[in-house]
$ cat final.txt   # compact mmCIF, C-alpha atoms
# COMPACT_ATOMS: atom_id res chain seq x y z
CA MET A 1 2.50 10.49 19.89
CA LYS A 2 3.37 13.45 17.70
CA PRO A 3 2.03 13.12 14.16
CA ILE A 4 4.53 12.88 11.33
CA ARG A 5 4.22 15.87 9.03
CA LEU A 6 4.05 14.87 5.38
CA PRO A 7 6.67 16.74 3.31
CA GLU A 8 4.53 18.45 0.69
CA PRO A 9 4.91 22.12 -0.21
CA PRO A 10 1.93 24.31 0.61
CA SER A 11 -0.40 25.19 -2.23
CA PRO A 12 -2.16 28.55 -2.42
CA THR A 13 -5.89 28.70 -1.80
CA MET A 14 -8.17 30.89 -3.82
CA GLY A 15 -11.84 31.65 -3.97
CA VAL A 16 -14.67 33.35 -2.17
CA PRO A 17 -14.32 33.74 1.62
CA GLU A 18 -15.76 30.65 3.29
CA ILE A 19 -18.28 32.65 5.31
CA PHE A 20 -20.13 33.29 2.05
CA GLU A 21 -19.81 29.68 0.87
CA GLY A 22 -21.80 27.78 3.48
CA GLY A 23 -19.69 28.45 6.57
CA ALA A 24 -16.34 27.21 7.82
CA ASN A 25 -17.86 24.00 9.17
CA SER A 26 -18.74 22.79 5.68
CA ILE A 27 -15.18 23.10 4.36
CA VAL A 28 -12.68 20.22 4.65
CA ARG A 29 -9.22 21.76 4.89
CA ARG A 30 -7.19 19.10 6.72
CA ALA A 31 -6.64 15.38 6.78
CA VAL A 32 -5.23 12.58 8.91
CA VAL A 33 -3.71 9.40 7.50
CA ILE A 34 -3.84 6.26 9.65
CA GLY A 35 -0.99 4.04 8.48
CA ASN A 36 0.32 0.62 9.40
CA GLY A 37 4.01 1.14 8.69
CA PHE A 38 3.91 -0.65 5.33
CA THR A 39 4.86 1.48 2.35
CA GLY A 40 2.32 -0.09 0.00
CA SER A 41 -0.62 0.66 2.28
CA GLU A 42 0.44 4.13 3.37
CA ASN A 43 1.27 5.11 -0.22
CA GLN A 44 -2.37 4.52 -1.16
CA SER A 45 -3.66 6.85 1.54
CA ILE A 46 -1.09 9.54 0.81
CA GLY A 47 -1.83 9.26 -2.91
CA LEU A 48 -5.52 9.90 -2.29
CA ILE A 49 -4.79 12.85 0.00
CA ARG A 50 -2.50 14.29 -2.67
CA ALA A 51 -5.19 13.90 -5.34
CA LEU A 52 -7.64 15.73 -3.06
CA GLY A 53 -5.24 18.65 -2.64
CA LEU A 54 -4.79 18.30 1.13
CA SER A 55 -1.20 17.09 1.30
CA ASP A 56 0.00 20.44 2.66
CA ASN A 57 -2.24 20.08 5.75
CA CYS A 58 -2.06 16.38 6.53
CA SER A 59 -0.64 14.39 9.44
CA LEU A 60 0.37 10.73 9.47
CA TYR A 61 -0.32 8.47 12.47
CA ARG A 62 0.74 4.84 12.65
CA VAL A 63 -0.76 1.71 14.13
CA THR A 64 2.18 -0.33 15.40
CA ARG A 65 2.49 -3.99 16.29
CA PRO A 66 5.12 -5.70 18.45
CA ARG A 67 7.92 -7.05 16.25
CA GLY A 68 10.44 -9.84 16.43
CA GLY A 69 10.50 -13.35 17.86
CA ILE A 70 7.15 -15.02 18.37
CA ASN A 71 5.38 -11.80 17.38
CA GLU A 72 6.01 -12.55 13.71
CA TRP A 73 3.59 -15.48 14.11
CA LEU A 74 0.88 -13.40 15.82
CA HIS A 75 -0.01 -10.90 13.09
CA TRP A 76 -3.33 -12.66 12.55
CA LEU A 77 -4.49 -11.40 15.96
CA PRO A 78 -6.29 -8.06 16.37
CA VAL A 79 -3.73 -5.34 17.17
CA SER A 80 -5.09 -4.63 20.67
CA LEU A 81 -5.06 -8.31 21.65
CA HIS A 82 -1.60 -8.79 20.14
CA LYS A 83 -0.21 -5.94 22.25
CA LYS A 84 -1.81 -7.24 25.44
CA LEU A 85 -0.46 -10.74 24.81
CA ASP A 86 2.98 -9.31 24.06
CA TYR A 87 2.87 -7.36 27.34
CA VAL A 88 1.96 -10.51 29.31
CA LEU A 89 4.72 -12.53 27.64
CA ARG A 90 7.26 -9.85 28.46
CA GLN A 91 6.21 -9.75 32.11
CA LEU A 92 6.55 -13.53 32.30
CA TYR A 93 9.95 -13.32 30.65
CA ILE A 94 11.17 -10.68 33.12
CA TYR A 95 9.81 -12.72 36.06
CA TRP A 96 11.55 -15.84 34.77
CA ARG A 97 14.85 -13.98 34.50
CA LEU A 98 14.54 -12.74 38.08
CA LEU A 99 14.04 -16.32 39.27
CA THR A 100 17.06 -17.57 37.34
CA PRO A 101 19.81 -14.94 37.86
CA ALA A 102 22.59 -17.44 37.19
CA ARG A 103 21.40 -17.81 33.59
CA ARG A 104 20.87 -14.08 33.02
CA LYS A 105 24.06 -13.61 30.98
CA LYS A 106 23.10 -16.44 28.67
CA LEU A 107 19.72 -14.95 27.80
CA ALA A 108 19.21 -12.58 24.91
CA ALA A 109 16.78 -9.74 25.37
CA LEU A 110 13.40 -10.05 23.73
CA PRO A 111 13.26 -8.24 20.41
CA SER A 112 12.18 -4.64 20.73
CA GLU A 113 9.76 -2.63 18.66
CA ASN A 114 10.93 0.31 16.55
CA GLY A 115 14.30 0.23 18.31
CA PHE A 116 12.90 0.79 21.82
CA SER A 117 12.24 -1.56 24.70
CA VAL A 118 8.63 -2.47 24.37
CA GLY A 119 5.96 -1.74 26.91
CA LEU A 120 2.48 -0.46 26.30
CA SER A 121 3.55 3.05 27.27
CA THR A 122 6.43 3.20 24.77
CA VAL A 123 4.68 2.02 21.60
CA LEU A 124 4.21 4.77 19.01
CA GLU A 125 0.68 4.29 17.82
CA ALA A 126 -2.37 6.04 16.47
CA ASP A 127 -4.35 7.08 19.54
CA VAL A 128 -8.12 7.08 18.93
CA LYS A 129 -8.84 9.33 21.91
CA GLN A 130 -6.22 11.87 20.87
CA ILE A 131 -7.48 12.08 17.28
CA VAL A 132 -11.13 12.23 18.35
CA ASN A 133 -10.43 15.00 20.84
CA MET A 134 -8.47 16.94 18.26
CA ALA A 135 -11.31 16.61 15.72
CA ARG A 136 -13.90 17.80 18.25
CA GLU A 137 -11.91 20.61 19.83
CA THR A 138 -10.79 22.15 16.54
CA TYR A 139 -14.05 21.62 14.64
CA GLU A 140 -15.40 25.15 15.12
CA LYS A 141 -12.13 26.71 14.01
CA ASP A 142 -10.88 24.30 11.35
CA GLY A 143 -14.00 22.44 10.23
CA PRO A 144 -14.40 18.67 9.70
CA LEU A 145 -11.43 16.31 9.61
CA LEU A 146 -10.87 13.91 6.70
CA VAL A 147 -9.52 10.58 7.97
CA VAL A 148 -7.99 8.16 5.44
CA ALA A 149 -6.81 4.71 6.55
CA SER A 150 -5.46 1.71 4.69
CA GLY A 151 -4.69 -1.85 5.75
CA ARG A 152 -6.20 -4.43 8.08
CA ASP A 153 -4.53 -3.11 11.23
CA THR A 154 -6.08 0.34 10.76
CA ILE A 155 -9.70 -0.83 10.53
CA SER A 156 -10.50 -0.74 14.25
CA ILE A 157 -8.83 2.67 14.69
CA ALA A 158 -10.64 4.30 11.76
CA SER A 159 -14.02 2.81 12.66
CA SER A 160 -13.65 3.93 16.30
CA ILE A 161 -12.90 7.48 15.19
CA LYS A 162 -16.02 7.41 13.03
CA ARG A 163 -18.14 6.05 15.90
CA LEU A 164 -16.93 8.57 18.48
CA ALA A 165 -16.80 11.71 16.30
CA SER A 166 -19.19 11.05 13.43
CA GLN A 167 -20.27 14.71 13.22
CA ASN A 168 -16.69 15.96 13.10
CA VAL A 169 -14.99 13.55 10.72
CA PHE A 170 -15.35 11.92 7.31
CA VAL A 171 -13.68 8.50 7.31
CA VAL A 172 -12.38 6.73 4.19
CA GLN A 173 -11.09 3.15 4.50
CA ILE A 174 -8.87 1.89 1.67
CA GLN A 175 -8.91 -1.89 1.10
CA HIS A 176 -11.97 -3.90 2.03
CA PRO A 177 -12.60 -4.10 5.80
CA ARG A 178 -14.36 -7.46 5.28
CA SER A 179 -17.49 -6.55 7.20
CA HIS A 180 -19.66 -3.71 8.57
CA LEU A 181 -19.16 -1.25 5.74
CA ASN A 182 -21.43 1.23 7.54
CA ARG A 183 -18.65 1.84 10.06
CA PHE A 184 -17.05 4.09 7.44
CA ASP A 185 -18.27 6.95 5.28
CA LEU A 186 -16.59 5.46 2.22
CA VAL A 187 -14.65 2.29 1.36
CA ILE A 188 -12.24 2.26 -1.61
CA THR A 189 -11.14 -1.19 -2.67
CA PRO A 190 -9.99 -3.00 -5.84
CA HIS A 191 -12.55 -4.97 -7.80
CA HIS A 192 -10.60 -8.20 -7.25
CA ASP A 193 -11.32 -8.00 -3.49
CA TYR A 194 -14.78 -9.26 -4.47
CA TYR A 195 -13.37 -12.29 -6.29
CA PRO A 196 -14.44 -14.63 -3.41
CA MET A 197 -18.06 -14.00 -4.43
CA THR A 198 -17.57 -15.19 -8.01
CA PRO A 199 -18.62 -18.67 -9.21
CA GLN A 200 -14.98 -19.45 -10.04
CA ALA A 201 -13.93 -18.76 -6.46
CA ARG A 202 -16.78 -20.80 -5.01
CA GLU A 203 -15.63 -23.78 -7.06
CA GLN A 204 -12.21 -23.59 -5.39
CA VAL A 205 -13.54 -23.62 -1.81
CA PRO A 206 -15.51 -26.37 -0.02
CA ARG A 207 -19.11 -25.31 0.64
CA PHE A 208 -18.77 -25.56 4.43
CA LEU A 209 -16.09 -22.82 4.31
CA TRP A 210 -18.15 -20.33 2.30
CA LYS A 211 -19.52 -18.55 5.38
CA TRP A 212 -15.97 -17.86 6.58
CA ILE A 213 -14.80 -16.18 3.38
CA THR A 214 -15.28 -12.44 2.99
CA PRO A 215 -16.71 -10.31 1.58
CA ARG A 216 -20.08 -12.04 1.63
CA GLU A 217 -22.20 -9.20 0.22
CA PRO A 218 -21.87 -7.27 -3.04
CA PRO A 219 -20.62 -3.67 -2.93
CA ASP A 220 -23.15 -1.08 -1.81
CA GLU A 221 -23.26 2.71 -1.89
CA HIS A 222 -20.38 2.87 0.61
CA VAL A 223 -17.95 1.20 -1.84
CA VAL A 224 -15.80 2.65 -4.63
CA LEU A 225 -14.27 -0.06 -6.83
CA THR A 226 -10.89 0.39 -8.50
CA VAL A 227 -8.89 -1.75 -10.92
CA GLY A 228 -5.63 -1.64 -8.98
CA ALA A 229 -4.03 0.10 -6.02
CA LEU A 230 -4.07 3.84 -5.37
CA HIS A 231 -0.72 5.65 -5.51
CA GLN A 232 0.97 9.04 -5.93
CA ILE A 233 1.84 8.77 -9.63
CA ASP A 234 0.25 11.30 -11.97
CA PHE A 235 1.40 13.59 -14.78
CA ALA A 236 2.66 16.28 -12.41
CA ALA A 237 4.65 13.78 -10.31
CA LEU A 238 6.23 12.25 -13.42
CA ARG A 239 7.14 15.66 -14.77
CA VAL A 240 8.93 16.56 -11.53
CA ALA A 241 10.69 13.18 -11.47
CA ALA A 242 11.79 13.57 -15.09
CA SER A 243 13.44 16.87 -14.20
CA THR A 244 14.97 15.59 -10.97
CA TRP A 245 16.53 12.52 -12.61
CA HIS A 246 17.37 14.15 -15.96
CA ASP A 247 21.15 14.10 -15.57
CA GLU A 248 21.23 10.38 -14.75
CA PHE A 249 18.69 9.03 -17.22
CA ALA A 250 18.79 11.39 -20.23
CA PRO A 251 22.20 10.15 -21.47
CA LEU A 252 21.21 6.45 -21.34
CA PRO A 253 20.82 4.64 -24.68
CA LYS A 254 17.19 4.07 -25.64
CA PRO A 255 14.90 2.28 -25.30
CA LEU A 256 15.20 2.00 -21.53
CA LEU A 257 13.68 -1.14 -20.05
CA VAL A 258 12.98 -0.99 -16.30
CA VAL A 259 12.66 -4.30 -14.43
CA ASN A 260 10.99 -4.34 -11.00
CA ILE A 261 11.32 -7.56 -9.03
CA GLY A 262 9.16 -8.14 -5.95
CA GLY A 263 8.87 -11.28 -3.87
CA PRO A 264 6.63 -14.32 -3.50
CA THR A 265 3.31 -14.00 -1.66
CA SER A 266 0.62 -16.40 -0.54
CA CYS A 267 -1.24 -15.78 -3.82
CA CYS A 268 1.86 -15.75 -6.05
CA ARG A 269 4.47 -18.30 -5.06
CA TYR A 270 7.81 -18.54 -6.84
CA GLY A 271 11.50 -19.00 -6.19
CA THR A 272 14.73 -19.53 -8.08
CA ASP A 273 12.93 -21.12 -11.02
CA LEU A 274 11.20 -17.82 -11.86
CA ALA A 275 14.46 -15.90 -11.38
CA LYS A 276 16.22 -18.18 -13.86
CA GLN A 277 13.44 -17.85 -16.41
CA LEU A 278 13.41 -14.07 -15.97
CA THR A 279 17.13 -13.82 -16.70
CA VAL A 280 16.75 -16.01 -19.80
CA ASN A 281 13.90 -13.79 -21.04
CA LEU A 282 15.86 -10.61 -20.36
CA LEU A 283 18.83 -11.94 -22.33
CA GLY A 284 16.37 -12.69 -25.12
CA VAL A 285 15.27 -9.05 -25.44
CA LEU A 286 18.64 -7.46 -24.70
CA ASP A 287 19.45 -6.77 -28.36
CA SER A 288 16.31 -4.61 -28.71
CA CYS A 289 17.14 -2.59 -25.56
CA GLY A 290 19.43 0.37 -25.24
CA SER A 291 19.63 0.08 -21.45
CA VAL A 292 18.19 -2.12 -18.71
CA ARG A 293 17.71 -0.96 -15.12
CA ILE A 294 16.81 -3.58 -12.48
CA SER A 295 15.47 -2.94 -8.97
CA PHE A 296 14.66 -5.38 -6.17
CA SER A 297 12.08 -4.71 -3.47
CA ASN A 298 12.61 -5.30 0.24
CA ARG A 299 10.56 -8.49 -0.20
CA THR A 300 12.88 -10.03 -2.80
CA PRO A 301 14.48 -13.21 -1.39
CA ALA A 302 18.28 -13.27 -1.53
CA LYS A 303 18.19 -16.50 -3.54
CA VAL A 304 16.20 -14.69 -6.26
CA SER A 305 18.33 -11.54 -6.38
CA ASN A 306 21.56 -13.55 -6.30
CA ILE A 307 20.59 -15.46 -9.42
CA VAL A 308 19.69 -12.29 -11.32
CA ILE A 309 22.93 -10.59 -10.27
CA LYS A 310 25.01 -13.64 -11.14
CA GLU A 311 23.44 -14.26 -14.55
CA ILE A 312 23.19 -10.73 -15.97
CA GLY A 313 24.79 -8.39 -13.44
CA ASN A 314 27.97 -8.02 -15.51
CA THR A 315 26.20 -7.46 -18.82
CA PRO A 316 27.24 -4.03 -20.22
CA LYS A 317 23.69 -2.80 -20.90
CA VAL A 318 22.41 -3.82 -17.46
CA TYR A 319 22.54 -1.74 -14.28
CA ILE A 320 21.25 -3.19 -11.00
CA TRP A 321 20.34 -0.73 -8.25
CA ASP A 322 22.26 -1.53 -5.07
CA GLY A 323 19.49 -0.42 -2.70
CA GLU A 324 21.30 2.70 -1.53
CA GLU A 325 19.54 6.06 -1.43
CA PRO A 326 18.37 7.89 -3.36
CA ASN A 327 15.80 5.42 -4.62
CA PRO A 328 15.50 5.78 -8.42
CA HIS A 329 11.92 4.46 -8.53
CA MET A 330 10.33 7.77 -9.56
CA GLY A 331 13.06 8.31 -12.13
CA HIS A 332 12.39 4.86 -13.54
CA LEU A 333 8.67 5.59 -13.89
CA ALA A 334 9.37 8.90 -15.62
CA TRP A 335 12.15 7.83 -17.99
CA ALA A 336 11.36 4.17 -18.80
CA ASP A 337 10.21 3.24 -22.28
CA ALA A 338 8.82 -0.10 -21.05
CA PHE A 339 8.53 -2.14 -17.86
CA VAL A 340 8.93 -5.77 -16.83
CA ILE A 341 7.37 -6.44 -13.40
CA THR A 342 6.94 -9.64 -11.42
CA ALA A 343 3.28 -10.54 -10.95
CA ASP A 344 3.20 -10.45 -7.14
CA SER A 345 2.94 -6.68 -6.58
CA VAL A 346 -0.38 -4.94 -7.27
CA SER A 347 1.18 -1.62 -6.22
CA MET A 348 4.17 -1.73 -8.58
CA ILE A 349 2.00 -2.86 -11.48
CA SER A 350 -0.64 -0.20 -10.80
CA GLU A 351 1.98 2.55 -10.77
CA ALA A 352 3.54 1.42 -14.04
CA CYS A 353 0.12 1.05 -15.69
CA SER A 354 -0.68 4.67 -14.84
CA THR A 355 2.08 5.84 -17.22
CA GLY A 356 0.50 4.48 -20.42
CA LYS A 357 3.80 2.80 -21.34
CA PRO A 358 4.17 -0.92 -22.22
CA VAL A 359 4.03 -3.15 -19.15
CA TYR A 360 5.10 -6.80 -19.35
CA ILE A 361 4.29 -9.17 -16.48
CA MET A 362 6.50 -12.05 -15.40
CA GLY A 363 4.89 -14.99 -13.59
CA SER A 364 1.17 -14.17 -13.73
CA GLU A 365 0.42 -17.83 -14.43
CA ARG A 366 1.63 -18.58 -10.90
CA CYS A 367 -0.94 -16.28 -9.29
CA THR A 368 -3.99 -17.70 -7.58
CA TRP A 369 -7.21 -16.54 -5.97
CA LYS A 370 -7.97 -12.81 -6.26
CA LEU A 371 -4.52 -11.92 -7.63
CA SER A 372 -5.23 -14.05 -10.69
CA ASP A 373 -8.46 -12.08 -11.13
CA PHE A 374 -6.46 -8.83 -11.03
CA HIS A 375 -4.20 -10.01 -13.85
CA LYS A 376 -7.15 -11.29 -15.85
CA CYS A 377 -8.78 -7.86 -15.61
CA LEU A 378 -5.61 -6.08 -16.75
CA GLY A 379 -5.18 -8.47 -19.65
CA GLU A 380 -8.76 -7.99 -20.83
CA ARG A 381 -8.23 -4.22 -20.79
CA GLY A 382 -5.06 -4.55 -22.88
CA VAL A 383 -3.06 -2.84 -20.15
CA VAL A 384 -0.41 -5.57 -19.70
CA ARG A 385 1.13 -8.40 -21.68
CA PRO A 386 3.00 -11.50 -20.53
CA PHE A 387 6.79 -11.31 -20.71
CA THR A 388 8.01 -14.15 -22.92
CA GLY A 389 11.52 -13.04 -23.93
CA SER A 390 10.60 -12.71 -27.60
CA GLU A 391 9.45 -9.06 -27.42
CA ASP A 392 11.00 -6.22 -29.38
CA ILE A 393 11.28 -3.52 -26.71
CA SER A 394 11.81 -0.86 -29.37
CA GLU A 395 8.25 -1.43 -30.62
CA SER A 396 5.98 0.54 -28.34
CA TRP A 397 2.27 0.04 -27.70
CA SER A 398 -0.18 2.00 -25.62
CA TYR A 399 -3.49 1.81 -23.73
CA PRO A 400 -5.69 4.12 -21.66
CA PRO A 401 -3.62 4.55 -18.46
CA LEU A 402 -5.15 3.41 -15.18
CA ASN A 403 -6.60 6.43 -13.41
CA ASP A 404 -7.81 4.88 -10.17
CA THR A 405 -6.53 7.54 -7.79
CA ALA A 406 -8.14 10.46 -9.65
CA GLU A 407 -11.40 8.53 -9.99
CA ALA A 408 -11.39 7.66 -6.27
CA ALA A 409 -10.78 11.34 -5.45
CA ARG A 410 -13.77 12.30 -7.60
CA ARG A 411 -15.95 9.86 -5.69
CA VAL A 412 -14.76 11.30 -2.38
CA HIS A 413 -15.83 14.75 -3.61
CA GLU A 414 -19.29 13.34 -4.41
CA ALA A 415 -19.62 11.60 -1.04
CA LEU A 416 -18.61 14.76 0.79
CA ALA A 417 -21.20 16.75 -1.15
CA GLU A 418 -23.91 14.31 -0.04
CA ARG A 419 -22.96 15.21 3.55
CA GLY A 420 -23.14 18.91 2.75
CA LEU A 421 -19.35 19.19 2.80
CA ARG A 422 -16.76 20.19 0.26
CA LEU A 423 -13.01 20.43 -0.01
CA ARG A 424 -11.36 23.81 0.17
CA PRO A 425 -11.00 25.54 -3.22

$ encode --input "final.txt" --output "structure tokens"
Amino acid sequence: MKPIRLPEPPSPTMGVPEIFEGGANSIVRRAVVIGNGFTGSENQSIGLIRALGLSDNCSLYRVTRPRGGINEWLHWLPVSLHKKLDYVLRQLYIYWRLLTPARRKKLAALPSENGFSVGLSTVLEADVKQIVNMARETYEKDGPLLVVASGRDTISIASSIKRLASQNVFVVQIQHPRSHLNRFDLVITPHHDYYPMTPQAREQVPRFLWKWITPREPPDEHVVLTVGALHQIDFAALRVAASTWHDEFAPLPKPLLVVNIGGPTSCCRYGTDLAKQLTVNLLGVLDSCGSVRISFSNRTPAKVSNIVIKEIGNTPKVYIWDGEEPNPHMGHLAWADAFVITADSVSMISEACSTGKPVYIMGSERCTWKLSDFHKCLGERGVVRPFTGSEDISESWSYPPLNDTAEAARRVHEALAERGLRLRP
């Protein structure tokens, strides 16, 4: 598989020639991101790489799973086992079709992966052997390789790279891998991932299940704790977005309220009832808004978006993004005066809370388990407030913005220094 080149402009390097600064093999100049195809996970890795200043020399590899049909029920399996099982099922399916030629026209083809017919040889995936060989063969010339991975499906890939090329790589795993933290050089994970160890969590789970719930040990020196998710939003990114989207957003009446609607999850269940309450609350604050911009995510159920569109889609102050490119998300972050966000998305909330602007949360009372702990933490910090429909959007309030990505990058610098490594100047 050819790595996907991340579209970041090159940045100039300055400083003393590396030969006088400890040798080329102590300088980290390049990075690899191991992704899982999900924007939320990959955005965290790319955000960290950007904060470390390596986005101009970074490649993205993806771990892919079979998609469609019964595969949607098999995502709990390890990736390697899932692919082998998918291969066996496909061979059985082909054999069955050969035995029943009369029914061939009536049978639909098995769903394919990434638009191609699926076989083990056609799956685009992160190849451990290829990355390990690249890290070893280019080590003398290019120095150590920084590997950043995020998401459950990337754990085995990242840990294998660390095991096979430990002297040539520095591996960072984002999100808790649930066990064996020593398989990575550094783990970056939100504080609420450790909620299962709290007394409140133990009260919610029968004692005989405790040994099956992870993590089971407190964070050690391998772990960097954050409040929310990592991302690519910082002052420089917002400044560029403000310029890019100036012509569309500058003329809008102020204050501008941006509404981001996600979708229900296992820890935050909701449906049309929340959509109806959200529209009522938005109508309640409409008089204090100059403009309202609403966006749905790809997880938003049609029954939720349909209610919002029906109830307030024709209101003069309201504009609902139709999902067509370009995506105005960065423009929204740069130009909004306040945000309303559904409680299900840690990523969307973390990005908005990095701006220092008012963030109102809709539906946090519906969150359970570690997601409820995330909202409790934000509330105690004064970073978010519940959205009730009685707010005056023209009255602003502020807080110390979340700075998780920059703090995580600082900790990576420290961990590299402990290995005798440093990032290029």

$ closest_residue --input "final.txt" --among "A:Glu203, A:Glu42, A:Asp185, A:Glu137" --to "Trp369 (chain A)" --atoms "all atoms listed in the file"
A:Glu203

$ closest_residue --input "final.txt" --among "A:Pro328, A:Asn25, A:Phe296, A:Leu230" --to "Ala242 (chain A)" --atoms "all atoms listed in the file"
A:Pro328

$ closest_residue --input "final.txt" --among "A:Ile307, A:Cys353, A:Ala229, A:Ala406" --to "Val384 (chain A)" --atoms "all atoms listed in the file"
A:Cys353

$ atom_distance --input "final.txt" --atom1 "CA of Pro199 (chain A)" --atom2 "CA of Ala343 (chain A)"
23.4 Å

$ residues_around --input "final.txt" --residues "Val172 (chain A)" --least-positions-apart "3" --cutoff "7 Å" --atoms "only C-alpha atoms" --output "list of chain:residue names"
A:Val147, A:Val148, A:Ala149, A:Phe184, A:Asp185, A:Leu186, A:Val187

$ closest_residue --input "final.txt" --among "A:Ile174, A:Leu52, A:Cys267, A:Met330" --to "Ala409 (chain A)" --atoms "all atoms listed in the file"
A:Leu52

$ residues_around --input "final.txt" --residues "Asp273 (chain A)" --least-positions-apart "5" --cutoff "12 Å" --atoms "only C-alpha atoms" --output "VMD selection string"
chain A and resid 264 278 to 280 303 to 305 307 to 308 362 to 363 366

$ atom_distance --input "final.txt" --atom1 "CA of Ser394 (chain A)" --atom2 "CA of Leu282 (chain A)"
13.9 Å

$ closest_residue --input "final.txt" --among "A:Ile393, A:Glu311, A:Ser295, A:Thr342" --to "Gly323 (chain A)" --atoms "all atoms listed in the file"
A:Ser295

$ atom_distance --input "final.txt" --atom1 "CA of Tyr399 (chain A)" --atom2 "CA of Asp220 (chain A)"
29.6 Å
